[in-house]
$ cat model-v7.txt   # compact mmCIF, C-alpha atoms and all ligand atoms
# COMPACT_ATOMS: atom_id res chain seq x y z
CA MET A 1 11.82 -13.28 -12.40
CA SER A 2 9.03 -13.73 -9.86
CA VAL A 3 6.53 -11.06 -8.85
CA PRO A 4 7.15 -9.74 -5.31
CA ILE A 5 4.24 -10.21 -2.91
CA LEU A 6 4.13 -7.84 0.06
CA ASN A 7 1.57 -7.06 2.77
CA ALA A 8 -0.35 -3.78 2.65
CA SER A 9 0.55 -1.35 5.44
CA GLY A 10 -1.49 -1.82 8.63
CA CYS A 11 -2.77 -5.28 7.67
CA LEU A 12 -0.17 -7.50 9.33
CA ASP A 13 1.51 -7.40 12.74
CA ALA A 14 4.81 -9.06 11.80
CA LEU A 15 5.96 -9.50 15.39
CA ALA A 16 2.70 -11.24 16.36
CA ALA A 17 2.70 -13.38 13.18
CA PRO A 18 6.35 -13.81 12.15
CA ALA A 19 5.68 -16.87 9.98
CA VAL A 20 3.23 -14.88 7.84
CA ALA A 21 5.75 -12.04 7.51
CA ARG A 22 8.44 -14.51 6.45
CA SER A 23 6.16 -15.86 3.73
CA LEU A 24 6.26 -12.42 2.05
CA ASP A 25 8.93 -10.93 -0.23
CA GLY A 26 8.90 -7.79 1.89
CA PHE A 27 7.15 -6.60 5.04
CA VAL A 28 5.54 -3.13 5.05
CA THR A 29 5.07 -1.62 8.52
CA LYS A 30 2.01 0.20 9.77
CA THR A 31 2.41 3.94 9.14
CA VAL A 32 4.83 5.62 11.56
CA THR A 33 4.52 9.31 12.51
CA PRO A 34 7.01 11.56 14.37
CA LEU A 35 5.07 11.40 17.66
CA PRO A 36 3.24 8.43 19.20
CA ARG A 37 -0.49 8.25 18.40
CA ASP A 38 -3.31 6.36 20.13
CA GLY A 39 -5.41 6.51 16.98
CA ASN A 40 -9.17 7.02 16.94
CA PRO A 41 -11.53 5.78 19.69
CA PRO A 42 -13.25 2.36 19.23
CA VAL A 43 -15.28 1.04 17.41
CA ARG A 44 -12.62 1.23 14.65
CA ILE A 45 -13.41 -1.83 12.45
CA ALA A 46 -16.67 -2.84 10.75
CA GLU A 47 -17.37 -5.57 8.22
CA THR A 48 -19.65 -4.78 5.27
CA ASP A 49 -21.03 -6.90 2.41
CA VAL A 50 -18.35 -5.62 0.04
CA GLY A 51 -15.31 -5.20 2.28
CA MET A 52 -14.09 -3.80 5.54
CA LEU A 53 -14.21 -0.33 7.09
CA ASN A 54 -11.46 0.84 9.42
CA SER A 55 -10.83 4.08 11.25
CA ILE A 56 -7.63 3.15 13.10
CA GLY A 57 -6.25 6.68 12.65
CA LEU A 58 -2.51 5.98 12.38
CA GLN A 59 -2.04 4.41 15.81
CA ASN A 60 1.73 3.91 16.20
CA PRO A 61 4.54 4.23 18.77
CA GLY A 62 6.19 7.27 17.12
CA ILE A 63 9.47 7.26 15.22
CA GLU A 64 11.80 7.24 18.24
CA ALA A 65 10.29 4.12 19.85
CA PHE A 66 9.89 2.54 16.42
CA VAL A 67 13.59 2.89 15.62
CA THR A 68 14.78 1.84 19.08
CA ASP A 69 12.36 -0.99 19.92
CA HIS A 70 10.50 -2.22 16.84
CA LEU A 71 13.00 -1.98 14.00
CA PRO A 72 15.65 -4.27 15.59
CA GLN A 73 12.95 -6.90 16.22
CA LEU A 74 11.59 -6.60 12.67
CA ALA A 75 15.13 -6.99 11.30
CA GLN A 76 15.28 -10.45 12.95
CA LEU A 77 12.63 -11.61 10.49
CA ALA A 78 15.24 -11.43 7.73
CA VAL A 79 12.63 -10.08 5.28
CA PRO A 80 13.19 -6.72 3.51
CA ILE A 81 11.51 -4.05 5.66
CA TRP A 82 9.54 -1.22 4.06
CA VAL A 83 8.61 1.50 6.54
CA SER A 84 5.38 3.40 5.92
CA VAL A 85 5.86 7.05 6.81
CA GLY A 86 3.01 9.42 7.69
CA GLY A 87 2.51 12.90 9.05
CA PHE A 88 0.53 16.09 9.07
CA THR A 89 3.06 18.46 7.46
CA ALA A 90 5.98 18.20 5.06
CA ALA A 91 8.29 18.67 8.07
CA ASP A 92 6.79 15.52 9.67
CA TYR A 93 7.62 13.44 6.60
CA ALA A 94 11.11 14.94 6.42
CA GLU A 95 11.80 14.24 10.11
CA THR A 96 10.70 10.61 9.93
CA CYS A 97 12.63 9.93 6.72
CA ALA A 98 15.75 11.54 8.21
CA ALA A 99 15.50 9.24 11.25
CA LEU A 100 15.16 6.14 9.04
CA ASP A 101 17.71 7.02 6.35
CA PRO A 102 20.81 5.82 8.25
CA ARG A 103 19.18 2.52 9.31
CA PRO A 104 20.53 -0.41 7.28
CA GLU A 105 17.53 -2.56 8.31
CA VAL A 106 15.23 -0.39 6.16
CA ALA A 107 14.96 -1.45 2.51
CA ALA A 108 12.49 1.19 1.35
CA LEU A 109 10.16 3.95 2.53
CA GLU A 110 6.51 4.26 1.59
CA LEU A 111 5.00 7.71 2.04
CA ASN A 112 1.40 7.45 3.17
CA VAL A 113 0.10 10.65 1.64
CA SER A 114 -3.45 9.30 1.45
CA CYS A 115 -4.85 8.20 4.85
CA PRO A 116 -8.64 8.74 4.87
CA ASN A 117 -8.78 8.61 8.69
CA VAL A 118 -6.82 11.77 9.54
CA GLU A 119 -6.92 15.36 8.40
CA GLU A 120 -4.98 15.89 5.18
CA ALA A 121 -1.63 17.67 5.28
CA PRO A 122 -2.00 21.24 3.97
CA GLU A 123 0.93 20.77 1.59
CA SER A 124 0.63 19.23 -1.87
CA ILE A 125 1.85 15.71 -2.60
CA ALA A 126 4.72 17.25 -4.56
CA GLU A 127 5.85 19.16 -1.45
CA LEU A 128 5.54 16.11 0.81
CA VAL A 129 7.54 13.91 -1.56
CA ALA A 130 10.18 16.59 -2.12
CA ALA A 131 10.59 17.11 1.64
CA ALA A 132 11.08 13.36 2.16
CA ARG A 133 13.41 13.05 -0.85
CA ALA A 134 15.69 15.74 0.56
CA GLU A 135 16.27 13.58 3.68
CA THR A 136 16.83 10.11 2.26
CA SER A 137 18.52 8.17 -0.49
CA LYS A 138 16.40 5.07 0.23
CA PRO A 139 13.88 3.95 -2.42
CA LEU A 140 10.83 6.16 -1.90
CA TYR A 141 7.30 5.00 -2.81
CA ALA A 142 4.36 7.42 -2.76
CA LYS A 143 1.09 5.77 -1.69
CA LEU A 144 -1.86 7.50 -3.34
CA SER A 145 -5.61 7.56 -2.81
CA PRO A 146 -7.94 6.55 -5.65
CA ALA A 147 -10.46 9.15 -4.37
CA VAL A 148 -9.08 12.03 -6.40
CA PRO A 149 -10.23 13.54 -9.70
CA ASP A 150 -7.01 12.76 -11.59
CA ILE A 151 -4.65 10.26 -10.00
CA ALA A 152 -2.32 10.34 -13.01
CA GLU A 153 -1.59 14.00 -12.29
CA LEU A 154 -0.60 13.13 -8.69
CA ALA A 155 1.56 10.27 -9.95
CA ARG A 156 3.39 12.63 -12.29
CA ALA A 157 3.84 15.14 -9.44
CA ALA A 158 5.28 12.40 -7.22
CA GLU A 159 7.66 11.31 -10.00
CA THR A 160 8.85 14.86 -10.69
CA SER A 161 9.40 15.43 -6.95
CA GLY A 162 11.71 12.44 -6.64
CA ALA A 163 9.58 9.37 -5.89
CA ASP A 164 11.10 6.06 -7.06
CA GLY A 165 7.78 4.24 -7.21
CA LEU A 166 4.06 4.27 -6.48
CA SER A 167 1.93 2.22 -4.09
CA LEU A 168 -1.64 2.06 -5.42
CA VAL A 169 -4.12 2.28 -3.75
CA ASN A 170 -5.07 3.35 -0.23
CA THR A 171 -8.62 2.95 1.10
CA ILE A 172 -11.49 5.30 0.23
CA ARG A 173 -13.90 6.82 2.73
CA GLY A 174 -17.04 4.79 3.44
CA LEU A 175 -19.67 4.43 6.14
CA ALA A 176 -21.82 1.61 7.51
CA LEU A 177 -24.92 1.86 9.69
CA ASP A 178 -26.09 -0.32 12.53
CA GLU A 179 -29.18 -2.11 11.16
CA ARG A 180 -31.18 -1.64 14.34
CA THR A 181 -30.29 1.86 15.53
CA LEU A 182 -29.23 3.34 12.17
CA ALA A 183 -26.24 4.89 13.97
CA PRO A 184 -22.86 4.75 12.21
CA ARG A 185 -21.06 1.59 13.26
CA LEU A 186 -17.64 3.24 13.54
CA ALA A 187 -17.23 5.71 16.42
CA ARG A 188 -15.74 8.22 14.02
CA GLY A 189 -18.62 7.83 11.55
CA ALA A 190 -16.79 7.19 8.30
CA GLY A 191 -13.69 5.04 7.80
CA GLY A 192 -11.50 3.63 5.04
CA LEU A 193 -13.12 1.00 2.84
CA SER A 194 -10.86 -1.89 1.81
CA GLY A 195 -11.37 -5.33 0.32
CA PRO A 196 -13.25 -6.55 -2.79
CA ALA A 197 -15.09 -3.26 -3.49
CA LEU A 198 -11.74 -1.54 -3.95
CA LYS A 199 -10.45 -3.73 -6.79
CA PRO A 200 -12.07 -1.88 -9.73
CA LEU A 201 -10.79 1.43 -8.31
CA ALA A 202 -7.31 -0.02 -7.91
CA LEU A 203 -7.37 -1.34 -11.47
CA ALA A 204 -8.39 2.05 -12.85
CA ALA A 205 -5.78 3.90 -10.77
CA ILE A 206 -2.93 1.57 -11.75
CA PHE A 207 -4.00 1.57 -15.40
CA ALA A 208 -3.92 5.39 -15.49
CA CYS A 209 -0.66 5.77 -13.58
CA ARG A 210 1.13 3.15 -15.69
CA LEU A 211 0.38 5.26 -18.75
CA ALA A 212 1.34 8.50 -17.02
CA THR A 213 4.70 7.64 -15.45
CA ASP A 214 7.72 5.36 -15.71
CA LEU A 215 7.59 4.52 -12.00
CA PRO A 216 7.28 0.92 -10.81
CA ILE A 217 3.91 0.29 -9.16
CA VAL A 218 3.09 -1.84 -6.13
CA GLY A 219 -0.57 -2.73 -6.65
CA MET A 220 -3.10 -3.36 -3.89
CA GLY A 221 -6.83 -3.17 -3.34
CA GLY A 222 -9.16 -6.13 -2.93
CA VAL A 223 -6.70 -8.85 -3.86
CA GLN A 224 -8.07 -12.15 -2.57
CA THR A 225 -6.96 -14.62 -5.23
CA GLY A 226 -4.19 -15.19 -7.76
CA ASN A 227 -6.59 -14.02 -10.47
CA ASP A 228 -7.04 -10.68 -8.69
CA ALA A 229 -3.26 -10.34 -8.49
CA LEU A 230 -2.93 -11.15 -12.20
CA GLU A 231 -5.40 -8.36 -13.03
CA LEU A 232 -3.36 -5.82 -11.05
CA LEU A 233 -0.25 -6.90 -12.95
CA ALA A 234 -2.09 -6.70 -16.26
CA VAL A 235 -2.97 -3.02 -15.72
CA GLY A 236 0.64 -2.26 -14.85
CA ALA A 237 1.64 -3.19 -11.29
CA CYS A 238 4.90 -5.15 -11.00
CA ALA A 239 4.42 -6.20 -7.36
CA VAL A 240 1.26 -6.99 -5.40
CA SER A 241 0.32 -6.32 -1.77
CA LEU A 242 -2.21 -8.22 0.30
CA GLY A 243 -4.29 -6.27 2.80
CA THR A 244 -7.74 -7.18 4.11
CA VAL A 245 -7.40 -10.81 2.95
CA LEU A 246 -4.68 -11.36 5.56
CA PHE A 247 -7.19 -10.87 8.40
CA ALA A 248 -9.21 -13.85 7.16
CA ASP A 249 -6.44 -15.98 5.64
CA PRO A 250 -2.89 -15.88 7.03
CA GLU A 251 -1.93 -18.44 4.36
CA ALA A 252 -2.83 -15.94 1.64
CA PRO A 253 0.76 -15.06 0.57
CA ALA A 254 1.64 -18.67 -0.33
CA ARG A 255 -1.83 -19.34 -1.76
CA VAL A 256 -1.96 -16.18 -3.91
CA ARG A 257 1.60 -16.82 -5.16
CA ARG A 258 0.60 -20.34 -6.21
CA GLU A 259 -2.69 -19.25 -7.77
CA LEU A 260 -0.95 -16.38 -9.58
CA GLY A 261 1.47 -18.81 -11.23
CA ASP A 262 -1.47 -20.99 -12.31
CA ALA A 263 -3.50 -18.02 -13.56
CA ALA A 264 -0.55 -16.69 -15.57
CA ALA A 265 0.02 -20.12 -17.13
CA ALA A 266 -3.69 -20.42 -17.97
CA HIS A 267 -3.38 -17.14 -19.91
CA GLY A 268 -0.33 -18.46 -21.75
CA PHE A 269 2.35 -16.43 -19.93
CA ALA A 270 5.65 -18.16 -19.19
CA SER A 271 5.68 -16.43 -15.80
CA ALA A 272 3.49 -13.99 -13.86
CA ALA A 273 5.99 -11.19 -14.54
CA ASP A 274 5.22 -11.53 -18.24
CA ALA A 275 1.63 -10.47 -17.54
CA VAL A 276 2.71 -6.97 -16.45
CA GLY A 277 1.04 -4.45 -18.77
CA ALA A 278 -0.99 -7.10 -20.62
CA ALA A 279 -4.18 -5.02 -20.35
CA HIS A 280 -2.46 -2.25 -22.29
CA THR A 281 -1.10 -4.44 -25.04
CA ALA A 282 -4.46 -6.27 -25.25
CA ARG A 283 -5.94 -2.89 -26.16
CA GLY A 284 -3.54 -2.68 -29.08
CA GLU A 285 -1.55 0.20 -27.64
CA PRO A 286 1.93 -1.29 -27.26
CA ALA A 287 3.56 2.07 -27.95
CA LEU A 288 2.06 3.42 -24.74
CA VAL A 289 3.61 0.72 -22.60
CA ARG A 290 7.11 1.60 -21.51
CA ASP A 291 9.77 -0.93 -20.54
CA GLN A 292 8.47 -2.89 -17.61
CA PRO A 293 9.83 -1.26 -14.47
CA LYS A 294 10.78 -3.45 -11.50
CA VAL A 295 10.13 -3.27 -7.78
CA SER A 296 13.26 -4.63 -6.13
CA VAL A 297 12.85 -6.06 -2.64
C1 LIG B 1 -7.07 -2.23 9.36
C2 LIG B 1 -6.34 -1.48 8.30
C3 LIG B 1 -5.30 -0.62 8.65
C4 LIG B 1 -4.61 0.09 7.66
N1 LIG B 1 -3.59 0.91 8.02
C5 LIG B 1 -2.87 1.55 7.06
C6 LIG B 1 -1.75 2.35 7.42
O1 LIG B 1 -1.37 2.48 8.58
N2 LIG B 1 -1.08 2.99 6.41
C7 LIG B 1 -1.45 2.86 5.08
O2 LIG B 1 -0.79 3.44 4.21
N3 LIG B 1 -2.51 2.09 4.73
C8 LIG B 1 -3.21 1.43 5.68
N4 LIG B 1 -4.26 0.64 5.31
C9 LIG B 1 -4.62 0.50 3.88
C10 LIG B 1 -3.96 -0.75 3.26
O3 LIG B 1 -2.57 -0.68 3.34
C11 LIG B 1 -4.39 -0.93 1.78
O4 LIG B 1 -3.97 0.18 1.04
C12 LIG B 1 -5.91 -1.09 1.61
O5 LIG B 1 -6.45 -1.85 2.68
C13 LIG B 1 -6.28 -1.71 0.26
O6 LIG B 1 -5.89 -3.06 0.17
P1 LIG B 1 -6.88 -4.30 0.51
O7 LIG B 1 -8.17 -4.01 -0.21
O8 LIG B 1 -6.18 -5.51 0.00
O9 LIG B 1 -7.06 -4.31 1.99
C14 LIG B 1 -4.97 -0.07 6.29
C15 LIG B 1 -6.01 -0.95 5.95
C16 LIG B 1 -6.70 -1.65 6.92
C17 LIG B 1 -7.79 -2.59 6.50
$ encode --input "model-v7.txt" --output "structure tokens" --more "lines below"
Ligand SMILES: Cc1cc2nc3c(=O)[nH]c(=O)nc-3n(C[C@H](O)[C@H](O)[C@H](O)COP(=O)(O)O)c2cc1C
Amino acid sequence: MSVPILNASGCLDALAAPAVARSLDGFVTKTVTPLPRDGNPPVRIAETDVGMLNSIGLQNPGIEAFVTDHLPQLAQLAVPIWVSVGGFTAADYAETCAALDPRPEVAALELNVSCPNVEEAPESIAELVAAARAETSKPLYAKLSPAVPDIAELARAAETSGADGLSLVNTIRGLALDERTLAPRLARGAGGLSGPALKPLALAAIFACRLATDLPIVGMGGVQTGNDALELLAVGACAVSLGTVLFADPEAPARVRRELGDAAAAHGFASAADAVGAAHTARGEPALVRDQPKVSV
């Protein structure tokens, strides 16, 4: 049983780079909202010493154009398609999920309930997940932010409201200054920080959620190497997504898959899947680790 490797939402344009998309076990779209959005004004991307800042702001064609124009083209890739769903109210999530539910091209839905670049929905995560659940029987993953006091509580709320899995983690808010002028480098000021700095936060979030729920977890946050992927599995993810690394290395899916196999073998695991939960058992708490859940793509 191999570990699925996906892209993180917003980090790969599958139609512009179909070969990269085909090298994944599933392609996750950029977040789609009910209405088209231009996103935030430029500058929207800034590199920092520890990762990347973005303030794209959910730029997307809107659900109608997505379903009519984009989805049929994505289906040609013959890779399972996960659609990331966003919005500003529970009704937005419900509407987008209802539009996608009858589409056979869609393998799963990921609810982006954690974008740092737009105003938060006034409803709780439980309400957003429940509203989506009422409109679809597709597998539903809730994507959470690590920038919360108790992520395990949100994970439990998502599970109780009908989520089938968790995607952990989204970016956290950060800011970079222009060295010369000391003005913020992003037009919006702050943006979402991704890349290497996020890995310890992702590890902590996945570790906590694995103990708190029975949901399968797609892990992401700062994965650059097979060793990084192995660590996310060890704390409890059973699939791994690649985000920021894809901007620098389009070969990353094949490379990380290869390195992950080597890293698992070096730790004495027969396969990478056997490393799932290893950080928990290494602590001597096997009773806390439930049967390893699976992400099916
Ligand atoms: C340029 C950019 C755009 C992103 N757009 C989205 C998005 O539309 N929806 C979403 O849920 N996450 C989005 N993300 C967050 C990623 O999916 C991922 O959660 C995050 O980057 C952490 O993974 P990484 O450190 O491997 O990049 C975006 C990230 C980047 C860098």
$ atom_distance --input "model-v7.txt" --atom1 "atom CA of Ile81 of chain A" --atom2 "atom CA of Pro104 of chain A"
9.9 Å
$ residues_near_ligand --input "model-v7.txt" --ligand "ligand LIG 1 (chain B)" --cutoff "6 Å" --atoms "all atoms listed in the file" --output "ChimeraX atom specification"
/A:8-11,30-31,54,58,112,169-171,194-195,198,220-223,242-244
$ closest_residue --input "model-v7.txt" --among "A:Ala187, A:Pro250, A:Pro200, A:Gly39" --to "Ala16 of chain A" --atoms "only C-alpha atoms"
A:Pro250
$ residues_near_point --input "model-v7.txt" --point "(18.3, 10.3, 3.8)" --cutoff "10 Å" --atoms "only C-alpha atoms" --output "ChimeraX atom specification"
/A:94-103,132-139
$ write_last_selection --input "model-v7.txt" --atoms "C-alpha atoms" --output "mmCIF file, in the frame of the given file"
data_model
loop_
_atom_site.group_PDB
_atom_site.id
_atom_site.type_symbol
_atom_site.label_atom_id
_atom_site.label_comp_id
_atom_site.auth_asym_id
_atom_site.auth_seq_id
_atom_site.Cartn_x
_atom_site.Cartn_y
_atom_site.Cartn_z
ATOM 1 C CA ALA A 94 11.110 14.940 6.420
ATOM 2 C CA GLU A 95 11.800 14.240 10.110
ATOM 3 C CA THR A 96 10.700 10.610 9.930
ATOM 4 C CA CYS A 97 12.630 9.930 6.720
ATOM 5 C CA ALA A 98 15.750 11.540 8.210
ATOM 6 C CA ALA A 99 15.500 9.240 11.250
ATOM 7 C CA LEU A 100 15.160 6.140 9.040
ATOM 8 C CA ASP A 101 17.710 7.020 6.350
ATOM 9 C CA PRO A 102 20.810 5.820 8.250
ATOM 10 C CA ARG A 103 19.180 2.520 9.310
ATOM 11 C CA ALA A 132 11.080 13.360 2.160
ATOM 12 C CA ARG A 133 13.410 13.050 -0.850
ATOM 13 C CA ALA A 134 15.690 15.740 0.560
ATOM 14 C CA GLU A 135 16.270 13.580 3.680
ATOM 15 C CA THR A 136 16.830 10.110 2.260
ATOM 16 C CA SER A 137 18.520 8.170 -0.490
ATOM 17 C CA LYS A 138 16.400 5.070 0.230
ATOM 18 C CA PRO A 139 13.880 3.950 -2.420
#
$ closest_residue --input "model-v7.txt" --among "A:Val3, A:Ala121, A:Ile63, A:Leu203" --to "Val276 of chain A" --atoms "only C-alpha atoms"
A:Val3
$ residues_around --input "model-v7.txt" --residues "Ala272 of chain A" --least-positions-apart "6" --cutoff "7 Å" --atoms "only C-alpha atoms" --output "PyMOL selection string"
chain A and resi 2-3+260-261+264
$ decode --input "model-v7.txt" --residues "segment 138-149 of chain A" --atoms "N, CA and C atoms" --output "tab-separated table (two decimals), in the first residue's frame"
chain	number	residue	atom	x	y	z
A	138	LYS	N	-20.00	13.17	-1.59
A	138	LYS	CA	-18.58	12.96	-1.93
A	138	LYS	C	-17.75	13.00	-0.64
A	139	PRO	N	-16.56	12.34	-0.66
A	139	PRO	CA	-15.65	12.46	0.48
A	139	PRO	C	-15.34	13.94	0.74
A	140	LEU	N	-15.44	14.33	2.00
A	140	LEU	CA	-15.34	15.74	2.38
A	140	LEU	C	-14.18	15.92	3.36
A	141	TYR	N	-13.18	16.70	2.95
A	141	TYR	CA	-12.01	16.96	3.81
A	141	TYR	C	-12.07	18.39	4.30
A	142	ALA	N	-11.88	18.61	5.58
A	142	ALA	CA	-11.85	19.97	6.14
A	142	ALA	C	-10.40	20.39	6.28
A	143	LYS	N	-10.06	21.53	5.63
A	143	LYS	CA	-8.67	22.02	5.71
A	143	LYS	C	-8.57	23.10	6.78
A	144	LEU	N	-7.77	22.82	7.79
A	144	LEU	CA	-7.72	23.68	8.98
A	144	LEU	C	-6.44	24.50	9.03
A	145	SER	N	-6.53	25.60	9.79
A	145	SER	CA	-5.38	26.47	10.03
A	145	SER	C	-4.67	26.02	11.30
A	146	PRO	N	-3.32	26.09	11.31
A	146	PRO	CA	-2.62	25.78	12.57
A	146	PRO	C	-2.64	26.97	13.53
A	147	ALA	N	-3.12	28.14	13.05
A	147	ALA	CA	-3.07	29.36	13.88
A	147	ALA	C	-4.33	29.49	14.73
A	148	VAL	N	-4.59	28.47	15.51
A	148	VAL	CA	-5.75	28.48	16.40
A	148	VAL	C	-5.29	27.95	17.76
A	149	PRO	N	-6.00	28.31	18.83
A	149	PRO	CA	-5.54	27.86	20.16
A	149	PRO	C	-5.59	26.34	20.32
